[in-house]
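Trainee: What follows is data09.pdb, made up of PDB, C-alpha atoms:
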```pdb
MODEL        1
ATOM      1  CA  MET A 124     166.785  76.656  70.922
ATOM      2  CA  SER A 125     168.483  78.461  73.700
ATOM      3  CA  ASN A 126     170.045  76.828  76.683
ATOM      4  CA  ALA A 127     169.030  79.721  78.908
ATOM      5  CA  PRO A 128     167.207  78.741  82.088
ATOM      6  CA  VAL A 129     163.375  79.036  82.130
ATOM      7  CA  ASP A 130     162.120  82.043  84.115
ATOM      8  CA  LYS A 131     159.159  80.444  85.928
ATOM      9  CA  GLY A 132     158.052  83.726  87.519
ATOM     10  CA  ARG A 133     157.804  85.447  84.137
ATOM     11  CA  ARG A 134     155.951  82.463  82.652
ATOM     12  CA  ARG A 135     153.480  82.474  85.570
ATOM     13  CA  PHE A 136     152.903  86.251  85.134
ATOM     14  CA  LEU A 137     152.227  85.887  81.398
ATOM     15  CA  THR A 138     149.858  82.962  82.007
ATOM     16  CA  VAL A 139     147.895  84.901  84.637
ATOM     17  CA  ALA A 140     147.817  88.113  82.572
ATOM     18  CA  THR A 141     146.617  86.251  79.484
ATOM     19  CA  SER A 142     143.909  84.484  81.524
ATOM     20  CA  VAL A 143     142.687  87.788  83.029
ATOM     21  CA  VAL A 144     142.542  89.518  79.630
ATOM     22  CA  GLY A 145     140.729  86.503  78.121
ATOM     23  CA  ALA A 146     138.193  86.395  80.969
ATOM     24  CA  ALA A 147     137.543  90.138  80.656
ATOM     25  CA  GLY A 148     136.989  89.710  76.919
ATOM     26  CA  ALA A 149     134.582  86.803  77.508
ATOM     27  CA  VAL A 150     132.590  88.886  80.023
ATOM     28  CA  GLY A 151     132.627  91.850  77.605
ATOM     29  CA  VAL A 152     131.051  89.668  74.920
ATOM     30  CA  ALA A 153     128.660  87.737  77.200
ATOM     31  CA  VAL A 154     127.037  90.732  78.950
ATOM     32  CA  PRO A 155     125.574  92.377  75.819
ATOM     33  CA  PHE A 156     124.657  88.970  74.417
ATOM     34  CA  ILE A 157     122.693  87.980  77.526
ATOM     35  CA  ALA A 158     121.202  91.486  77.817
ATOM     36  CA  SER A 159     119.832  91.106  74.281
ATOM     37  CA  TRP A 160     117.565  88.327  75.580
ATOM     38  CA  ASN A 161     115.692  90.766  77.839
ATOM     39  CA  PRO A 162     112.639  92.594  76.457
ATOM     40  CA  SER A 163     113.256  96.133  75.227
ATOM     41  CA  GLU A 164     112.183  99.159  77.258
ATOM     42  CA  ARG A 165     109.433  99.736  74.703
ATOM     43  CA  ALA A 166     108.141  96.187  75.202
ATOM     44  CA  LYS A 167     108.277  96.569  78.982
ATOM     45  CA  ASN A 168     106.383  99.860  78.808
ATOM     46  CA  ALA A 169     103.745  98.377  76.495
ATOM     47  CA  GLY A 170     102.548  96.065  79.252
ATOM     48  CA  ALA A 171     103.385  98.274  82.194
ATOM     49  CA  PRO A 172     100.641  99.531  84.485
ATOM     50  CA  VAL A 173      99.450 103.113  84.043
ATOM     51  CA  GLU A 174      98.596 105.546  86.812
ATOM     52  CA  VAL A 175      95.734 107.997  86.220
ATOM     53  CA  ASN A 176      95.164 111.138  88.270
ATOM     54  CA  ILE A 177      91.424 111.510  88.801
ATOM     55  CA  GLY A 178      91.637 114.227  91.432
ATOM     56  CA  LYS A 179      90.509 117.016  89.097
ATOM     57  CA  ALA A 180      87.981 115.008  87.065
ATOM     58  CA  GLU A 181      84.660 116.831  86.780
ATOM     59  CA  PRO A 182      81.368 114.912  87.063
ATOM     60  CA  GLY A 183      80.585 113.478  83.632
ATOM     61  CA  GLN A 184      84.175 113.872  82.390
ATOM     62  CA  LEU A 185      85.952 111.127  80.444
ATOM     63  CA  ILE A 186      89.729 110.771  80.807
ATOM     64  CA  ARG A 187      91.581 108.847  78.085
ATOM     65  CA  VAL A 188      94.863 107.028  78.713
ATOM     66  CA  GLU A 189      96.769 104.338  76.844
ATOM     67  CA  TRP A 190      97.561 100.935  78.314
ATOM     68  CA  ARG A 191      99.087  98.091  76.274
ATOM     69  CA  GLY A 192      98.537 100.112  73.116
ATOM     70  CA  GLN A 193      94.788 100.353  73.751
ATOM     71  CA  PRO A 194      92.656 103.316  74.757
ATOM     72  CA  VAL A 195      91.372 103.105  78.316
ATOM     73  CA  TRP A 196      88.567 105.341  79.556
ATOM     74  CA  VAL A 197      87.958 106.572  83.061
ATOM     75  CA  VAL A 198      84.542 108.226  83.439
ATOM     76  CA  ARG A 199      83.494 110.072  86.561
ATOM     77  CA  ARG A 200      79.799 109.249  86.631
ATOM     78  CA  THR A 201      77.180 111.657  87.904
ATOM     79  CA  PRO A 202      74.346 110.576  90.232
ATOM     80  CA  GLU A 203      71.965 110.823  87.222
ATOM     81  CA  MET A 204      74.188 108.450  85.244
ATOM     82  CA  LEU A 205      74.165 105.950  88.098
ATOM     83  CA  GLU A 206      70.361 106.146  88.375
ATOM     84  CA  SER A 207      70.047 105.366  84.653
ATOM     85  CA  LEU A 208      71.641 101.938  85.174
ATOM     86  CA  ASP A 209      68.419 100.580  86.683
ATOM     87  CA  LEU A 210      66.319 101.921  83.798
ATOM     88  CA  VAL A 211      68.002  99.850  81.088
ATOM     89  CA  GLU A 212      68.614  96.433  82.662
ATOM     90  CA  ASP A 213      65.737  94.790  80.784
ATOM     91  CA  ARG A 214      67.218  96.006  77.456
ATOM     92  CA  LEU A 215      70.737  94.632  77.969
ATOM     93  CA  ARG A 216      72.309  91.452  76.624
ATOM     94  CA  ASP A 217      74.367  90.732  79.787
ATOM     95  CA  PRO A 218      73.039  92.987  82.583
ATOM     96  CA  ASN A 219      74.649  90.963  85.390
ATOM     97  CA  SER A 220      78.100  90.778  83.743
ATOM     98  CA  GLU A 221      78.096  86.993  83.581
ATOM     99  CA  GLU A 222      80.556  86.911  80.664
ATOM    100  CA  PRO A 223      84.173  87.246  81.887
ATOM    101  CA  GLN A 224      84.785  90.729  80.477
ATOM    102  CA  GLN A 225      85.860  92.146  83.840
ATOM    103  CA  PRO A 226      87.732  91.165  86.991
ATOM    104  CA  GLU A 227      85.629  89.498  89.676
ATOM    105  CA  TYR A 228      85.454  92.674  91.769
ATOM    106  CA  ALA A 229      83.816  94.511  88.839
ATOM    107  CA  ALA A 230      81.101  91.910  88.175
ATOM    108  CA  ASN A 231      78.409  94.154  89.608
ATOM    109  CA  GLN A 232      75.822  96.608  88.308
ATOM    110  CA  TYR A 233      78.391  99.426  88.168
ATOM    111  CA  ARG A 234      81.158  97.204  86.713
ATOM    112  CA  SER A 235      83.688  98.977  88.899
ATOM    113  CA  ARG A 236      85.357  99.026  92.288
ATOM    114  CA  ARG A 237      83.837 102.411  93.106
ATOM    115  CA  LYS A 238      80.484 103.263  91.579
ATOM    116  CA  GLU A 239      81.457 106.871  90.845
ATOM    117  CA  TYR A 240      84.253 105.832  88.448
ATOM    118  CA  PHE A 241      83.983 103.556  85.427
ATOM    119  CA  VAL A 242      87.213 102.163  83.936
ATOM    120  CA  ALA A 243      87.041 100.349  80.578
ATOM    121  CA  VAL A 244      89.052  99.509  77.499
ATOM    122  CA  GLY A 245      87.617 101.814  74.832
ATOM    123  CA  ILE A 246      87.306  99.183  72.108
ATOM    124  CA  CYS A 247      84.016  97.808  70.818
ATOM    125  CA  THR A 248      83.665  94.050  71.316
ATOM    126  CA  HIS A 249      82.276  93.641  67.794
ATOM    127  CA  LEU A 250      85.126  94.487  65.401
ATOM    128  CA  GLY A 251      87.509  96.586  67.476
ATOM    129  CA  CYS A 252      86.315 100.103  66.629
ATOM    130  CA  SER A 253      86.428 102.805  69.293
ATOM    131  CA  PRO A 254      82.954 103.875  70.450
ATOM    132  CA  GLN A 255      82.088 107.492  71.143
ATOM    133  CA  TYR A 256      81.296 108.694  74.634
ATOM    134  CA  LEU A 257      77.996 110.557  74.528
ATOM    135  CA  GLU A 258      77.617 112.402  77.810
ATOM    136  CA  ASN A 259      74.312 114.144  77.040
ATOM    137  CA  GLU A 260      73.303 112.945  73.553
ATOM    138  CA  PHE A 261      72.860 109.208  74.112
ATOM    139  CA  ALA A 262      69.054 109.573  74.198
ATOM    140  CA  GLU A 263      69.215 109.777  70.373
ATOM    141  CA  GLN A 264      70.463 106.157  70.467
ATOM    142  CA  VAL A 265      68.541 104.797  73.468
ATOM    143  CA  GLU A 266      65.327 106.444  74.558
ATOM    144  CA  GLY A 267      65.321 107.787  78.099
ATOM    145  CA  VAL A 268      69.078 107.464  78.699
ATOM    146  CA  ASN A 269      71.273 110.568  78.486
ATOM    147  CA  ALA A 270      74.777 109.056  78.723
ATOM    148  CA  GLY A 271      76.430 106.002  77.208
ATOM    149  CA  PHE A 272      78.772 104.767  74.486
ATOM    150  CA  PHE A 273      77.864 104.474  70.799
ATOM    151  CA  CYS A 274      79.966 102.747  68.131
ATOM    152  CA  PRO A 275      79.202 104.488  64.827
ATOM    153  CA  CYS A 276      80.845 101.741  62.747
ATOM    154  CA  HIS A 277      78.017  99.215  63.137
ATOM    155  CA  GLY A 278      75.652 100.775  65.662
ATOM    156  CA  SER A 279      76.567  98.962  68.864
ATOM    157  CA  ARG A 280      75.438 100.702  72.044
ATOM    158  CA  PHE A 281      76.663 100.376  75.635
ATOM    159  CA  ASP A 282      75.263 101.911  78.810
ATOM    160  CA  ILE A 283      77.370 104.054  81.154
ATOM    161  CA  ALA A 284      78.649 100.854  82.807
ATOM    162  CA  GLY A 285      79.803  99.458  79.451
ATOM    163  CA  ARG A 286      77.029  96.849  79.314
ATOM    164  CA  VAL A 287      75.953  96.055  75.768
ATOM    165  CA  PHE A 288      72.368  96.499  74.643
ATOM    166  CA  ALA A 289      70.525  93.552  73.104
ATOM    167  CA  GLY A 290      69.972  93.562  69.347
ATOM    168  CA  VAL A 291      73.284  95.202  68.381
ATOM    169  CA  PRO A 292      76.300  93.590  66.655
ATOM    170  CA  ALA A 293      78.607  93.687  69.705
ATOM    171  CA  PRO A 294      78.355  90.333  71.508
ATOM    172  CA  TYR A 295      79.864  91.325  74.864
ATOM    173  CA  ASN A 296      80.123  94.130  77.383
ATOM    174  CA  LEU A 297      83.134  96.430  77.182
ATOM    175  CA  VAL A 298      86.264  95.011  78.809
ATOM    176  CA  VAL A 299      87.112  96.296  82.287
ATOM    177  CA  PRO A 300      90.887  96.070  82.843
ATOM    178  CA  PRO A 301      92.430  95.147  86.174
ATOM    179  CA  HIS A 302      92.750  98.260  88.314
ATOM    180  CA  TYR A 303      92.809  99.541  91.855
ATOM    181  CA  TYR A 304      92.938 102.838  93.726
ATOM    182  CA  LEU A 305      96.305 103.887  95.138
ATOM    183  CA  ASP A 306      94.516 106.716  96.945
ATOM    184  CA  ASP A 307      91.431 108.903  96.430
ATOM    185  CA  GLU A 308      93.048 110.678  93.469
ATOM    186  CA  THR A 309      94.986 107.930  91.665
ATOM    187  CA  ILE A 310      93.941 104.767  89.830
ATOM    188  CA  ARG A 311      96.537 102.198  88.777
ATOM    189  CA  ILE A 312      95.389 100.416  85.610
ATOM    190  CA  GLY A 313      96.920  97.099  84.608
ATOM    191  CA  GLU A 314      97.280  95.423  87.997
ATOM    192  CA  ASP A 315      95.011  93.992  90.647
ATOM    193  CA  GLY A 316      96.164  95.426  93.919
ATOM    194  CA  GLU A 317      95.179  96.136  97.464
ATOM    195  CA  GLN A 318      92.178  98.457  97.443
ATOM    196  CA  VAL A 319      92.468 101.702  99.412
TER     197      VAL A 319
ENDMDL
END
```
Could I get this file's structure written as structure tokens?

Mentor:
Amino acid sequence: MSNAPVDKGRRRFLTVATSVVGAAGAVGVAVPFIASWNPSERAKNAGAPVEVNIGKAEPGQLIRVEWRGQPVWVVRRTPEMLESLDLVEDRLRDPNSEEPQQPEYAANQYRSRRKEYFVAVGICTHLGCSPQYLENEFAEQVEGVNAGFFCPCHGSRFDIAGRVFAGVPAPYNLVVPPHYYLDDETIRIGEDGEQV
């Protein structure tokens, strides 16, 4: 042991420097550790809302997008398609959308916020197949109706509002996801919002 006097200033400097380096190391380890608890960007995007431009959609056209890993359809219905909704009500399993397959604002004959556009998850409610959109050939499936959705897997049929016909395997209408119009040309799918 040395009999030299203790340099208190040097000791204080070393104590402070060691504390600062230790704290920086603790923060350097804690930040990535805590960040690992957050969902990944892929997981965030999987549930994120989707915006669909409908400004150039032609009458009768179906636009396909993906939301939460599922196909979502947006159909711009023609006046003839809208008129056909009255013709089939007596042949439907749930014509008044009493089952909760849609948000409250879509529990109407058109199953939509705006009757011209139909938004639905494109998955059959029977076993999860994806029905075909038949714009002009649906009369082969349902007499007197030109447009609708047909699931070739087990023969389920849905009208142009996604309402299921009676006597087919699918038990429910197609699901209508939450959605709203940001403006006349854009639909936001995945959120209920203030309607424009």

Trainee: Which neighbours of stretch 253-265 of chain A fall inside 8 Å, counting all atoms listed in the file, when residues of the same chain fewer than 6 positions from it are skipped, and could you give them as a PDB file with C-alpha atoms, in the frame of the given file?

Mentor:
```pdb
ATOM      1  CA  GLY A 183      80.585 113.478  83.632  1.00  0.00           C
ATOM      2  CA  LEU A 185      85.952 111.127  80.444  1.00  0.00           C
ATOM      3  CA  GLY A 245      87.617 101.814  74.832  1.00  0.00           C
ATOM      4  CA  ILE A 246      87.306  99.183  72.108  1.00  0.00           C
ATOM      5  CA  CYS A 247      84.016  97.808  70.818  1.00  0.00           C
ATOM      6  CA  GLY A 271      76.430 106.002  77.208  1.00  0.00           C
ATOM      7  CA  PHE A 272      78.772 104.767  74.486  1.00  0.00           C
ATOM      8  CA  PHE A 273      77.864 104.474  70.799  1.00  0.00           C
ATOM      9  CA  CYS A 274      79.966 102.747  68.131  1.00  0.00           C
ATOM     10  CA  PRO A 275      79.202 104.488  64.827  1.00  0.00           C
ATOM     11  CA  ARG A 280      75.438 100.702  72.044  1.00  0.00           C
TER      12      ARG A 280
END
```

Trainee: Would you work out the distance separating atom CA of A:His249 from atom CA of A:Pro292, expressed in Å to one decimal?

Mentor: 6.1 Å

Trainee: I need the residue set behind the PyMOL selection byres ((chain A and resi 316) around 6) for this file; please write it as a ChimeraX atom specification.

Mentor: /A:303,315,317

Trainee: From the set A:Val139, A:Asp209, A:Ile310, A:Glu239, which residue has the shortest atom-to-atom contact distance to A:Val195, counting all atoms listed in the file?

Mentor: A:Ile310

Trainee: If you count all atoms listed in the file, which residues fall within 6 Å of A:Thr309, apart from same-chain ones fewer than 4 positions away, as a ChimeraX atom specification?

Mentor: /A:175-177,304-305

Trainee: Nearest residue to A:Ser235 out of A:Leu215, A:Leu208, A:Ala140, A:Val299, using only C-alpha atoms?

Mentor: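 Closest candidate: A:Val299.
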
Trainee: Compare A:Arg191, A:Ala270, A:Ala284, A:Val198 by their minimum atom-to-atom distance to A:Asn231, counting all atoms listed in the file, and give me the closest one.

Mentor: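 Comparing A:Arg191, A:Ala270, A:Ala284, A:Val198 against A:Asn231, the winner is A:Ala284.
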
Trainee: With all atoms listed in the file as the atoms that count, which of A:Pro301, A:Gly132, A:Pro155, A:Pro182 lies nearest to A:Met204?

Mentor: A:Pro182

Trainee: Between A:Ala180, A:Ala146, A:Leu210, A:Ala293, which one has atoms that come closest to A:Gly251, using all atoms listed in the file?

Mentor: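 Result for the nearest residue to A:Gly251: A:Ala293.
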
Trainee: Would you compute the distance between atom CA of A:Ala289 and atom CA of A:Arg214? Give it in Å to one decimal.

Mentor: 6.0 Å

Trainee: Which value, in Å to one decimal, gives the distance between atom CA of A:Glu222 and atom CA of A:Glu174?

Mentor: 26.7 Å

Trainee: Any idea what's packed within 10 Å of A:Ala229, counting all atoms listed in the file, ignoring anything in its chain fewer than 5 positions away? Could you give it as a ChimeraX atom specification?

Mentor: /A:220,224,234-238,241-242,299-302

Trainee: Counting only C-alpha atoms, which residue out of A:Val173, A:Tyr233, A:Asn126, A:Gly145 sits closest to A:Gly192?

Mentor: A:Val173

Trainee: Please provide as a tab-separated table (two decimals) with C-alpha atoms, in the coordinates of the input all residues within 7 Å of A:Arg187, with the sequence filter that same-chain residues fewer than 4 positions apart are discarded (counting only C-alpha atoms).

Mentor:
```
chain	number	residue	atom	x	y	z
A	194	PRO	CA	92.66	103.32	74.76
A	195	VAL	CA	91.37	103.10	78.32
A	196	TRP	CA	88.57	105.34	79.56
A	197	VAL	CA	87.96	106.57	83.06
```
